[in-house]
file coords-v7.cif (mmCIF, C-alpha atoms)
data_model
#
loop_
_atom_site.label_atom_id
_atom_site.label_comp_id
_atom_site.auth_asym_id
_atom_site.auth_seq_id
_atom_site.Cartn_x
_atom_site.Cartn_y
_atom_site.Cartn_z
CA MET G 1 6.64 24.68 95.76
CA GLU G 2 8.00 26.93 98.45
CA LEU G 3 10.34 28.65 96.01
CA ALA G 4 7.49 29.43 93.60
CA ASP G 5 5.50 30.96 96.48
CA ARG G 6 8.49 33.05 97.55
CA ALA G 7 9.09 34.21 93.97
CA VAL G 8 5.45 35.28 93.48
CA GLY G 9 5.46 37.09 96.83
CA PHE G 10 8.67 38.87 95.95
CA ILE G 11 7.33 39.94 92.55
CA LEU G 12 4.11 41.25 94.14
CA SER G 13 5.94 43.29 96.78
CA SER G 14 8.40 44.72 94.25
CA ILE G 15 5.52 45.75 91.96
CA SER G 16 3.73 47.46 94.84
CA VAL G 17 6.89 49.31 95.97
CA THR G 18 7.56 50.44 92.38
CA ILE G 19 4.02 51.72 91.93
CA PHE G 20 4.15 53.51 95.27
CA THR G 21 7.44 55.34 94.65
CA TYR G 22 6.50 56.24 91.07
CA TYR G 23 3.14 57.62 92.15
CA THR G 24 4.64 59.53 95.08
CA PHE G 25 7.17 61.14 92.78
CA TRP G 26 4.51 61.93 90.20
CA VAL G 27 2.00 63.57 92.52
CA ILE G 28 4.06 65.13 95.28
CA ILE G 29 7.60 65.86 94.14
CA LEU G 30 7.22 66.65 90.42
CA PRO G 31 5.10 69.85 90.76
CA PHE G 32 7.96 71.43 92.73
CA VAL G 33 10.55 70.69 90.03
CA ASP G 34 11.29 73.28 87.30
CA LYS G 35 9.64 72.74 83.94
CA ASP G 36 12.83 72.09 81.93
CA HIS G 37 14.44 69.58 84.30
CA PHE G 38 15.29 66.34 82.47
CA VAL G 39 13.38 64.14 84.95
CA HIS G 40 10.06 65.36 83.50
CA ASN G 41 10.75 63.20 80.42
CA TYR G 42 10.36 60.05 82.55
CA PHE G 43 6.88 60.89 83.77
CA LEU G 44 3.64 61.20 81.81
CA PRO G 45 1.73 64.53 81.94
CA GLN G 46 0.07 65.29 85.25
CA GLU G 47 -3.50 64.65 84.03
CA TYR G 48 -2.64 60.98 83.68
CA ALA G 49 -1.78 60.84 87.39
CA ILE G 50 -5.50 61.28 88.03
CA LEU G 51 -6.87 59.42 85.02
CA LEU G 52 -4.91 56.18 85.45
CA PRO G 53 -5.98 55.30 89.05
CA VAL G 54 -9.59 56.30 88.35
CA TYR G 55 -9.60 54.18 85.19
CA ALA G 56 -8.09 51.23 87.05
CA GLY G 57 -10.64 51.61 89.88
CA VAL G 58 -13.58 51.71 87.46
CA THR G 59 -12.25 48.67 85.60
CA LEU G 60 -11.91 46.79 88.89
CA ILE G 61 -15.47 47.63 89.95
CA CYS G 62 -16.82 46.60 86.52
CA PHE G 63 -14.95 43.32 86.65
CA LEU G 64 -16.21 42.60 90.18
CA SER G 65 -19.85 43.33 89.25
CA VAL G 66 -19.62 41.18 86.11
CA PHE G 67 -18.17 38.33 88.15
CA ILE G 68 -20.83 38.61 90.87
CA GLY G 69 -23.60 38.78 88.28
CA TYR G 70 -22.23 35.75 86.46
CA VAL G 71 -22.04 33.70 89.67
CA MET G 72 -25.57 34.74 90.65
CA LEU G 73 -26.94 33.78 87.21
CA LYS G 74 -25.18 30.42 87.30
CA SER G 75 -26.56 29.58 90.76
CA LYS G 76 -30.09 30.57 89.74
CA LYS G 77 -29.93 28.42 86.60
CA LYS G 78 -28.75 25.43 88.60
CA LYS G 79 -31.64 25.72 91.05
CA ALA G 80 -34.26 25.93 88.25
CA MET C 1 -22.73 48.06 114.60
CA LYS C 2 -20.07 49.79 116.71
CA HIS C 3 -17.39 48.93 114.20
CA ILE C 4 -19.22 50.84 111.46
CA ALA C 5 -19.56 53.83 113.80
CA LYS C 6 -15.81 53.79 114.40
CA ILE C 7 -15.06 53.61 110.68
CA MET C 8 -17.48 56.46 109.91
CA ALA C 9 -15.96 58.59 112.68
CA PHE C 10 -12.50 57.97 111.24
CA LEU C 11 -13.67 58.94 107.74
CA MET C 12 -15.32 62.11 109.10
CA ALA C 13 -12.07 63.06 110.88
CA VAL C 14 -10.01 62.55 107.69
CA THR C 15 -12.52 64.61 105.66
CA ALA C 16 -12.41 67.40 108.25
CA VAL C 17 -8.60 67.45 108.15
CA TRP C 18 -8.68 67.59 104.35
CA ILE C 19 -11.18 70.46 104.23
CA SER C 20 -9.19 72.39 106.83
CA LEU C 21 -6.05 71.86 104.74
CA LEU C 22 -7.94 73.26 101.75
CA GLN C 23 -8.99 76.35 103.70
CA THR C 24 -5.73 77.27 105.42
CA LYS C 25 -3.60 76.79 102.27
CA MET C 26 -0.54 75.52 104.14
CA ILE C 27 0.06 73.12 101.23
CA PRO C 28 -0.46 74.41 97.62
CA GLN C 29 -4.08 73.93 96.57
CA SER C 30 -3.29 71.66 93.62
CA HIS C 31 -1.59 69.21 96.02
CA THR C 32 -4.50 69.20 98.45
CA TRP C 33 -6.95 68.24 95.72
CA LEU C 34 -4.88 65.20 94.83
CA LEU C 35 -4.35 63.99 98.41
CA PRO C 36 -7.43 61.66 98.74
CA LEU C 37 -6.62 59.88 95.48
CA TYR C 38 -3.00 59.53 96.59
CA PHE C 39 -4.07 57.94 99.87
CA ILE C 40 -6.39 55.48 98.12
CA VAL C 41 -3.62 54.41 95.74
CA SER C 42 -1.13 54.06 98.58
CA LEU C 43 -3.67 51.97 100.56
CA GLY C 44 -4.01 49.62 97.60
CA CYS C 45 -0.23 49.43 97.34
CA TYR C 46 0.06 48.67 101.04
CA GLY C 47 -2.46 45.82 100.75
CA LEU C 48 -0.52 44.34 97.84
CA LEU C 49 2.72 44.65 99.78
CA MET C 50 1.25 42.84 102.79
CA VAL C 51 0.02 40.02 100.54
CA GLY C 52 3.47 39.71 98.97
CA VAL C 53 5.25 39.71 102.32
CA GLY C 54 2.83 37.16 103.74
CA LEU C 55 3.38 34.90 100.72
CA MET C 56 7.11 35.15 101.17
CA GLN C 57 6.98 34.28 104.86
CA PHE C 58 4.42 31.48 104.68
CA PRO C 59 5.71 28.37 106.58
CA THR C 60 5.25 25.06 104.76
CA CYS C 61 5.96 22.56 107.60
CA PRO C 62 7.55 19.74 105.53
CA GLN C 63 7.67 17.29 108.45
CA GLU C 64 3.96 17.69 109.15
CA ALA C 65 3.28 17.11 105.44
CA VAL C 66 5.10 13.77 105.55
CA LEU C 67 3.25 12.72 108.73
CA LEU C 68 -0.04 13.70 107.10
CA GLN C 69 0.66 11.54 104.05
CA GLN C 70 1.41 8.59 106.36
CA ASP C 71 -1.89 9.17 108.19
CA VAL C 72 -3.75 9.19 104.88
CA ILE C 73 -2.17 5.88 103.82
CA GLU C 74 -2.98 4.30 107.19
CA ALA C 75 -6.59 5.46 107.03
CA LYS C 76 -6.99 4.15 103.48
CA GLN C 77 -5.65 0.72 104.42
CA PHE C 78 -7.88 0.53 107.46
CA LEU C 79 -10.99 1.49 105.53
CA LYS C 80 -10.21 -0.88 102.64
CA HIS C 81 -9.72 -3.65 105.20
CA ASN C 82 -13.18 -2.91 106.59
CA GLY C 83 -14.82 -2.97 103.18
CA VAL C 84 -15.29 0.76 102.49
CA ASP C 85 -14.56 1.89 98.93
CA VAL C 86 -11.74 4.45 99.12
CA GLY C 87 -11.88 5.51 95.48
CA THR C 88 -9.17 5.52 92.80
CA ASP C 89 -5.49 5.52 93.73
#
call {"tool": "encode", "arguments": {"input": "coords-v7.cif", "output": "structure tokens"}}
result
Amino acid sequence: MELADRAVGFILSSISVTIFTYYTFWVIILPFVDKDHFVHNYFLPQEYAILLPVYAGVTLICFLSVFIGYVMLKSKKKKA
Amino acid sequence: MKHIAKIMAFLMAVTAVWISLLQTKMIPQSHTWLLPLYFIVSLGCYGLLMVGVGLMQFPTCPQEAVLLQQDVIEAKQFLKHNGVDVGTD
């Protein structure tokens, strides 16, 4: 039980650290690097640095509204 | 009510700093435009990190769990003795 909790917590923190370093590199460090440096092959084009978080945010908001609407509908049906 | 005022004041201060950064051009303009998005993403990352760290450090108190199970068994016996239906076992 405890080990499963620790494993999930470790996975979550490692994912968050990975995303943070990758995004920092992408947005802040990469524009200062020359165009033909090899490290540019590891990162998607810069437009995606804006598109991906916006897309993820919109998906999250959509999912939240769908969930809230579903719960509200279910509670109204139960009362009637 | 005061908490909202504090949050709005903080947001106004951050917006003012961002606009002043845009005007004085200390940082290249392309960077300044991406700064708010970067801070939102890093805030989300920070939240996730705190959740992960909290999960890893959560104490489970095994001795208290054993004592609690004993209390439950005692209570069930007492209630069954007094005629209350304690459900399926």
call {"tool": "atom_distance", "arguments": {"input": "coords-v7.cif", "atom1": "atom CA of C:Pro62", "atom2": "atom CA of G:Met1"}}
result
11.0 Å
call {"tool": "closest_atom_pairs", "arguments": {"input": "coords-v7.cif", "of": "chain G", "to": "chain C", "cutoff": "8 Å", "atoms": "all atoms listed in the file", "output": "JSON lines"}}
result
{"residue": "G:Glu2", "atom": "CA", "partner": "C:Thr60", "partner_atom": "CA", "distance": 7.1}
{"residue": "G:Asp5", "atom": "CA", "partner": "C:Leu55", "partner_atom": "CA", "distance": 6.2}
{"residue": "G:Arg6", "atom": "CA", "partner": "C:Met56", "partner_atom": "CA", "distance": 4.4}
{"residue": "G:Ala7", "atom": "CA", "partner": "C:Met56", "partner_atom": "CA", "distance": 7.5}
{"residue": "G:Val8", "atom": "CA", "partner": "C:Gly52", "partner_atom": "CA", "distance": 7.3}
{"residue": "G:Gly9", "atom": "CA", "partner": "C:Gly52", "partner_atom": "CA", "distance": 3.9}
{"residue": "G:Phe10", "atom": "CA", "partner": "C:Gly52", "partner_atom": "CA", "distance": 6.1}
{"residue": "G:Ile11", "atom": "CA", "partner": "C:Gly52", "partner_atom": "CA", "distance": 7.5}
{"residue": "G:Leu12", "atom": "CA", "partner": "C:Gly52", "partner_atom": "CA", "distance": 5.1}
{"residue": "G:Ser13", "atom": "CA", "partner": "C:Leu49", "partner_atom": "CA", "distance": 4.6}
{"residue": "G:Ser14", "atom": "CA", "partner": "C:Leu49", "partner_atom": "CA", "distance": 7.9}
{"residue": "G:Ser16", "atom": "CA", "partner": "C:Cys45", "partner_atom": "CA", "distance": 5.1}
{"residue": "G:Val17", "atom": "CA", "partner": "C:Cys45", "partner_atom": "CA", "distance": 7.3}
{"residue": "G:Ile19", "atom": "CA", "partner": "C:Cys45", "partner_atom": "CA", "distance": 7.3}
{"residue": "G:Phe20", "atom": "CA", "partner": "C:Ser42", "partner_atom": "CA", "distance": 6.3}
{"residue": "G:Tyr23", "atom": "CA", "partner": "C:Tyr38", "partner_atom": "CA", "distance": 7.8}
{"residue": "G:Thr24", "atom": "CA", "partner": "C:Tyr38", "partner_atom": "CA", "distance": 7.8}
{"residue": "G:Val27", "atom": "CA", "partner": "C:Leu34", "partner_atom": "CA", "distance": 7.4}
{"residue": "G:Ile28", "atom": "CA", "partner": "C:His31", "partner_atom": "CA", "distance": 7.0}
{"residue": "G:Ile50", "atom": "CA", "partner": "C:Leu37", "partner_atom": "CA", "distance": 7.7}
{"residue": "G:Pro53", "atom": "CA", "partner": "C:Val41", "partner_atom": "CA", "distance": 7.1}
call {"tool": "atom_distance", "arguments": {"input": "coords-v7.cif", "atom1": "atom CA of G:Phe67", "atom2": "atom CA of G:Val54"}}
result
19.9 Å
call {"tool": "decode", "arguments": {"input": "coords-v7.cif", "residues": "stretch 15-60 of chain G", "atoms": "N, CA and C atoms", "output": "mmCIF file, in the first residue's frame"}}
result
data_model
loop_
_atom_site.group_PDB
_atom_site.id
_atom_site.type_symbol
_atom_site.label_atom_id
_atom_site.label_comp_id
_atom_site.auth_asym_id
_atom_site.auth_seq_id
_atom_site.Cartn_x
_atom_site.Cartn_y
_atom_site.Cartn_z
ATOM 1 N N ILE G 15 7.499 13.360 -13.636
ATOM 2 C CA ILE G 15 6.838 13.902 -14.822
ATOM 3 C C ILE G 15 6.836 15.422 -14.780
ATOM 4 N N SER G 16 6.512 15.981 -13.594
ATOM 5 C CA SER G 16 6.432 17.441 -13.512
ATOM 6 C C SER G 16 7.802 18.074 -13.716
ATOM 7 N N VAL G 17 8.873 17.465 -13.158
ATOM 8 C CA VAL G 17 10.209 18.032 -13.330
ATOM 9 C C VAL G 17 10.631 17.948 -14.794
ATOM 10 N N THR G 18 10.296 16.819 -15.447
ATOM 11 C CA THR G 18 10.642 16.672 -16.867
ATOM 12 C C THR G 18 9.964 17.751 -17.701
ATOM 13 N N ILE G 19 8.632 17.906 -17.465
ATOM 14 C CA ILE G 19 7.902 18.900 -18.253
ATOM 15 C C ILE G 19 8.470 20.287 -18.020
ATOM 16 N N PHE G 20 8.832 20.582 -16.749
ATOM 17 C CA PHE G 20 9.327 21.921 -16.442
ATOM 18 C C PHE G 20 10.651 22.190 -17.135
ATOM 19 N N THR G 21 11.609 21.264 -17.052
ATOM 20 C CA THR G 21 12.911 21.510 -17.680
ATOM 21 C C THR G 21 12.786 21.578 -19.195
ATOM 22 N N TYR G 22 11.965 20.663 -19.775
ATOM 23 C CA TYR G 22 11.806 20.681 -21.233
ATOM 24 C C TYR G 22 11.229 22.006 -21.690
ATOM 25 N N TYR G 23 10.181 22.474 -20.974
ATOM 26 C CA TYR G 23 9.532 23.718 -21.378
ATOM 27 C C TYR G 23 10.454 24.907 -21.185
ATOM 28 N N THR G 24 11.215 24.907 -20.078
ATOM 29 C CA THR G 24 12.162 26.009 -19.861
ATOM 30 C C THR G 24 13.167 26.077 -20.995
ATOM 31 N N PHE G 25 13.740 24.925 -21.345
ATOM 32 C CA PHE G 25 14.688 24.879 -22.448
ATOM 33 C C PHE G 25 14.063 25.424 -23.720
ATOM 34 N N TRP G 26 12.845 24.923 -24.006
ATOM 35 C CA TRP G 26 12.163 25.252 -25.244
ATOM 36 C C TRP G 26 11.965 26.744 -25.396
ATOM 37 N N VAL G 27 11.424 27.374 -24.309
ATOM 38 C CA VAL G 27 10.978 28.758 -24.438
ATOM 39 C C VAL G 27 12.119 29.739 -24.214
ATOM 40 N N ILE G 28 13.014 29.429 -23.248
ATOM 41 C CA ILE G 28 13.948 30.469 -22.819
ATOM 42 C C ILE G 28 15.324 30.292 -23.435
ATOM 43 N N ILE G 29 15.818 29.036 -23.482
ATOM 44 C CA ILE G 29 17.215 28.872 -23.871
ATOM 45 C C ILE G 29 17.349 28.719 -25.377
ATOM 46 N N LEU G 30 16.389 27.995 -26.010
ATOM 47 C CA LEU G 30 16.540 27.650 -27.425
ATOM 48 C C LEU G 30 16.620 28.853 -28.359
ATOM 49 N N PRO G 31 15.858 29.957 -28.148
ATOM 50 C CA PRO G 31 15.995 31.087 -29.083
ATOM 51 C C PRO G 31 17.392 31.684 -29.123
ATOM 52 N N PHE G 32 18.193 31.476 -28.068
ATOM 53 C CA PHE G 32 19.541 32.043 -28.066
ATOM 54 C C PHE G 32 20.566 31.137 -28.710
ATOM 55 N N VAL G 33 20.146 29.912 -29.111
ATOM 56 C CA VAL G 33 21.102 28.965 -29.688
ATOM 57 C C VAL G 33 21.093 29.139 -31.203
ATOM 58 N N ASP G 34 22.247 28.945 -31.860
ATOM 59 C CA ASP G 34 22.328 29.095 -33.319
ATOM 60 C C ASP G 34 21.424 28.099 -34.015
ATOM 61 N N LYS G 35 21.044 28.437 -35.251
ATOM 62 C CA LYS G 35 20.043 27.643 -35.954
ATOM 63 C C LYS G 35 20.533 26.251 -36.311
ATOM 64 N N ASP G 36 21.855 26.070 -36.540
ATOM 65 C CA ASP G 36 22.286 24.732 -36.995
ATOM 66 C C ASP G 36 22.943 23.926 -35.892
ATOM 67 N N HIS G 37 22.679 24.285 -34.623
ATOM 68 C CA HIS G 37 23.138 23.443 -33.511
ATOM 69 C C HIS G 37 22.319 22.170 -33.495
ATOM 70 N N PHE G 38 22.968 21.035 -33.095
ATOM 71 C CA PHE G 38 22.268 19.747 -33.186
ATOM 72 C C PHE G 38 21.098 19.639 -32.217
ATOM 73 N N VAL G 39 21.123 20.435 -31.109
ATOM 74 C CA VAL G 39 20.100 20.263 -30.076
ATOM 75 C C VAL G 39 18.706 20.646 -30.578
ATOM 76 N N HIS G 40 18.670 21.456 -31.699
ATOM 77 C CA HIS G 40 17.359 21.830 -32.228
ATOM 78 C C HIS G 40 16.569 20.629 -32.734
ATOM 79 N N ASN G 41 17.283 19.507 -33.059
ATOM 80 C CA ASN G 41 16.562 18.331 -33.553
ATOM 81 C C ASN G 41 15.704 17.715 -32.462
ATOM 82 N N TYR G 42 16.064 17.967 -31.157
ATOM 83 C CA TYR G 42 15.316 17.311 -30.088
ATOM 84 C C TYR G 42 14.069 18.065 -29.705
ATOM 85 N N PHE G 43 13.894 19.283 -30.234
ATOM 86 C CA PHE G 43 12.740 20.073 -29.828
ATOM 87 C C PHE G 43 11.876 20.370 -31.036
ATOM 88 N N LEU G 44 10.538 20.348 -30.820
ATOM 89 C CA LEU G 44 9.617 20.672 -31.899
ATOM 90 C C LEU G 44 9.762 22.149 -32.255
ATOM 91 N N PRO G 45 9.209 22.572 -33.423
ATOM 92 C CA PRO G 45 9.274 23.999 -33.784
ATOM 93 C C PRO G 45 8.629 24.878 -32.721
ATOM 94 N N GLN G 46 9.059 26.149 -32.686
ATOM 95 C CA GLN G 46 8.665 27.020 -31.587
ATOM 96 C C GLN G 46 7.165 27.280 -31.500
ATOM 97 N N GLU G 47 6.434 27.172 -32.637
ATOM 98 C CA GLU G 47 4.996 27.452 -32.552
ATOM 99 C C GLU G 47 4.323 26.463 -31.623
ATOM 100 N N TYR G 48 4.840 25.220 -31.604
ATOM 101 C CA TYR G 48 4.215 24.207 -30.758
ATOM 102 C C TYR G 48 4.382 24.514 -29.282
ATOM 103 N N ALA G 49 5.408 25.333 -28.931
ATOM 104 C CA ALA G 49 5.586 25.690 -27.517
ATOM 105 C C ALA G 49 4.415 26.508 -27.025
ATOM 106 N N ILE G 50 3.721 27.201 -27.937
ATOM 107 C CA ILE G 50 2.534 27.955 -27.543
ATOM 108 C C ILE G 50 1.290 27.107 -27.710
ATOM 109 N N LEU G 51 1.236 26.350 -28.831
ATOM 110 C CA LEU G 51 0.019 25.602 -29.144
ATOM 111 C C LEU G 51 -0.265 24.522 -28.117
ATOM 112 N N LEU G 52 0.788 23.767 -27.714
ATOM 113 C CA LEU G 52 0.554 22.617 -26.841
ATOM 114 C C LEU G 52 -0.041 22.999 -25.487
ATOM 115 N N PRO G 53 0.490 23.992 -24.738
ATOM 116 C CA PRO G 53 -0.137 24.324 -23.457
ATOM 117 C C PRO G 53 -1.545 24.879 -23.630
ATOM 118 N N VAL G 54 -1.755 25.715 -24.679
ATOM 119 C CA VAL G 54 -3.096 26.254 -24.890
ATOM 120 C C VAL G 54 -4.077 25.124 -25.179
ATOM 121 N N TYR G 55 -3.650 24.174 -26.028
ATOM 122 C CA TYR G 55 -4.516 23.045 -26.358
ATOM 123 C C TYR G 55 -4.830 22.229 -25.111
ATOM 124 N N ALA G 56 -3.806 21.976 -24.286
ATOM 125 C CA ALA G 56 -4.023 21.208 -23.060
ATOM 126 C C ALA G 56 -4.961 21.950 -22.108
ATOM 127 N N GLY G 57 -4.790 23.298 -22.007
ATOM 128 C CA GLY G 57 -5.667 24.076 -21.138
ATOM 129 C C GLY G 57 -7.110 24.041 -21.602
ATOM 130 N N VAL G 58 -7.310 24.180 -22.918
ATOM 131 C CA VAL G 58 -8.687 24.154 -23.452
ATOM 132 C C VAL G 58 -9.303 22.789 -23.227
ATOM 133 N N THR G 59 -8.517 21.726 -23.460
ATOM 134 C CA THR G 59 -9.043 20.370 -23.217
ATOM 135 C C THR G 59 -9.443 20.198 -21.761
ATOM 136 N N LEU G 60 -8.606 20.703 -20.843
ATOM 137 C CA LEU G 60 -8.923 20.578 -19.419
ATOM 138 C C LEU G 60 -10.220 21.289 -19.085
#
